[in-house]
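*Asks:* There's a structure below that I have some questions on.
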Amino acid sequence: MKHKKEGRNRRVKSALRPSRNKSEKKLLTLWDQASRWYDSLVGSQGTDFQKDIIMPGVFRMLEVSKKDRVLDLACGQGVFSRYLSKKGMNVEGLDSSAELLKYARTRSGSTVSYNVGDATDEKKFKENTFDGIACLMAIQNIENIDLVFKSAYHWLKPGKCFVVVMTHPCFRIPRQSHWGWDEEKKLEYRRVDHYMTETNVPILTPPFADSKSFTLTYHRPIQSYMSALVESGLYVDAVEEWVSNKNSLPGKRSKAENRARKEIPLFLALRARLIAK
Ligand SMILES: C[S@@+](CC[C@H](N)C(=O)[O-])C[C@H]1O[C@@H](n2cnc3c(N)ncnc32)[C@H](O)[C@@H]1O
């Protein structure tokens with residue numbers, strides 16, 4: 001087991017490549033290398049799912065008010081940071097990709113303060129700094145979730161919430177879950193080939209990046225997230241599962257497709273509260 005994990009770490013570290021400008025001697029993160037690709041998907045406003053489902057859902061679960069200090073953890077181009085800022089919160093963004101933060105800074109002006117840094121580095125902010133912390137669609141891209149949750153515990157004020165939303169670990173497992181069609185029952189179903197074993201899966205990021213460019217998605221069963229949250233000292237006090245809001249165009253299978261979309265969630269949202277330290 002130890003051997004397996006060390007091998008995985010080696011692969012991750014070797015994926016940090018020196019920047020093309022050698023004089024900078026800067027290491028690019030996987031997400032720096034994938035930044036143009038990721039920005040082509042998300043842009044300045046976010047995808048439809050971010051706009052319609054994820055951001056309103058996380059905002060509701062966070063329970064923050066105007067002027068509250070809120071951290072957008074692993075904020076990428078700052079789509080959610082700007083969403084919160086427009087609602088009157090004082091927002092800070094943290095991300096390990098300097099390249100994605102360039103997009104964030106250009107698009108947000110001075111309304112949001114962005115920091116380059118690692119979510120696992122609890123020294124990045126002082127204890128009891130934030131009235132809310134959100135981590136959108138990024139926890140499955142981070143290897144050490146125990147340290148991320150410990151950081152959240154350290155940075156949150158007592159009584160306040162950490163909300164994390166991810167692609168649903170039961171049904172959206174890269175390369176291990178697929179849609180299928182049951183001809184007899186005329187049903188669309190989700191096939192899951194692998195769930196309990198933790199794995200990391202490279203996701204290639206064409207067309208802008210070269211063929212060796214990829215990001216990593218860490219698949220973990222729900223018990224890994226719950227255990228790590230409990231271990232950090234936070235109390236999980238809300239769990240939500242969000243389905244797609246899309247509909248198929250009229251056709252032979254559209255009724256079955258729409259039914260499957262409503263039954264099989266795309267996203268899992270967990271809220272953990274800091275009761276006391
Ligand atoms: C799929 S993107 C999500 C970005 C943004 N939250 C959104 O919803 O568009 C994953 C993000 O996690 C960031 N990330 C990955 N590992 C990180 C770490 N250890 N610390 C901070 N950010 C990290 C990446 O740089 C990237 O911006």
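Ordered as shown in the structure tokens, chains take letters A, B, and onward, while each chain numbers its residues from 1 and ligands are numbered from 1 in the order shown.
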Dump the neighbourhood of ligand 1 as a ChimeraX atom specification: all residues within 9 Å, distances computed on only C-alpha atoms and all ligand atoms.
*Replies:* /A:29-32,35,38-39,42-43,46-47,50,54-55,72-81,94-101,116-121,134-145,148,215-216
*Asks:* I need the helix (DSSP H, G or I) residues of region 15-260 of chain A per DSSP on the backbone, written as a ChimeraX atom specification.
*Replies:* /A:22-24,30-33,35-42,48-62,79-86,98-108,122-124,139-141,145-155,222-232,254-260
*Asks:* Given the choices A:His168, A:Trp181, A:Asp68, A:Pro174, which gets closest to Phe130 (chain A) if the distance is worked out from only C-alpha atoms?
*Replies:*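 Among A:His168, A:Trp181, A:Asp68, A:Pro174, it is A:Asp68 that comes nearest to Phe130 (chain A).
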*Asks:* Here is a test: counting only C-alpha atoms, which residue of A:Arg261, A:Arg191, A:Arg107, A:Lys160 is nearest to Glu63 (chain A)?
*Replies:*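 Counting only C-alpha atoms, the residue closest to Glu63 (chain A) is A:Lys160.
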*Asks:* Env of Ile264 (chain A): 8 Å cut, atoms = only C-alpha atoms, seq-sep filter 4 positions within chain, self excluded. Answer as a list in words.
*Replies:*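 Using only C-alpha atoms, the neighbours found are Phe171, Arg190, Val243 and Ala260 of chain A.
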*Asks:* Can I get the selected residues back with N, CA and C atoms, as a compact mmCIF listing (two decimals), in the first residue's frame?
*Replies:*
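Saved the output as result_10.txt:
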```txt
# COMPACT_ATOMS: atom_id res chain seq x y z
N PHE A 171 -21.16 8.31 -8.71
CA PHE A 171 -21.68 8.15 -10.08
C PHE A 171 -20.83 8.77 -11.18
N ARG A 190 -26.90 4.01 -14.99
CA ARG A 190 -25.50 4.39 -14.78
C ARG A 190 -24.75 3.15 -14.35
N VAL A 243 -28.84 17.33 -8.96
CA VAL A 243 -29.01 16.69 -10.28
C VAL A 243 -28.91 17.74 -11.38
N ALA A 260 -33.47 9.56 -15.94
CA ALA A 260 -32.15 9.20 -15.39
C ALA A 260 -31.44 10.44 -14.84
```
*Asks:* Quick one: pull the distance between CA of Thr197 (chain A) and CA of Ala228 (chain A), Å, one decimal.
*Replies:*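 Separation between CA of Thr197 (chain A) and CA of Ala228 (chain A): 15.8 Å.
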*Asks:* Could you list, as a ChimeraX atom specification, every residue within 9 Å of Lys186 (chain A), counting only C-alpha atoms and ignoring same-chain residues fewer than 4 positions away?
*Replies:* /A:181-182,253,256
*Asks:* I need the chosen residues saved as a short mmCIF file (atom, residue, chain, number, x, y, z; two decimals), in the first residue's frame, with C-alpha atoms.
*Replies:*
```
data_model
loop_
_atom_site.label_atom_id
_atom_site.label_comp_id
_atom_site.auth_asym_id
_atom_site.auth_seq_id
_atom_site.Cartn_x
_atom_site.Cartn_y
_atom_site.Cartn_z
CA TRP A 181 -29.22 1.55 -22.14
CA ASP A 182 -31.39 -1.34 -20.93
CA ARG A 253 -35.22 8.00 -25.52
CA ALA A 256 -35.80 7.82 -20.14
#
```
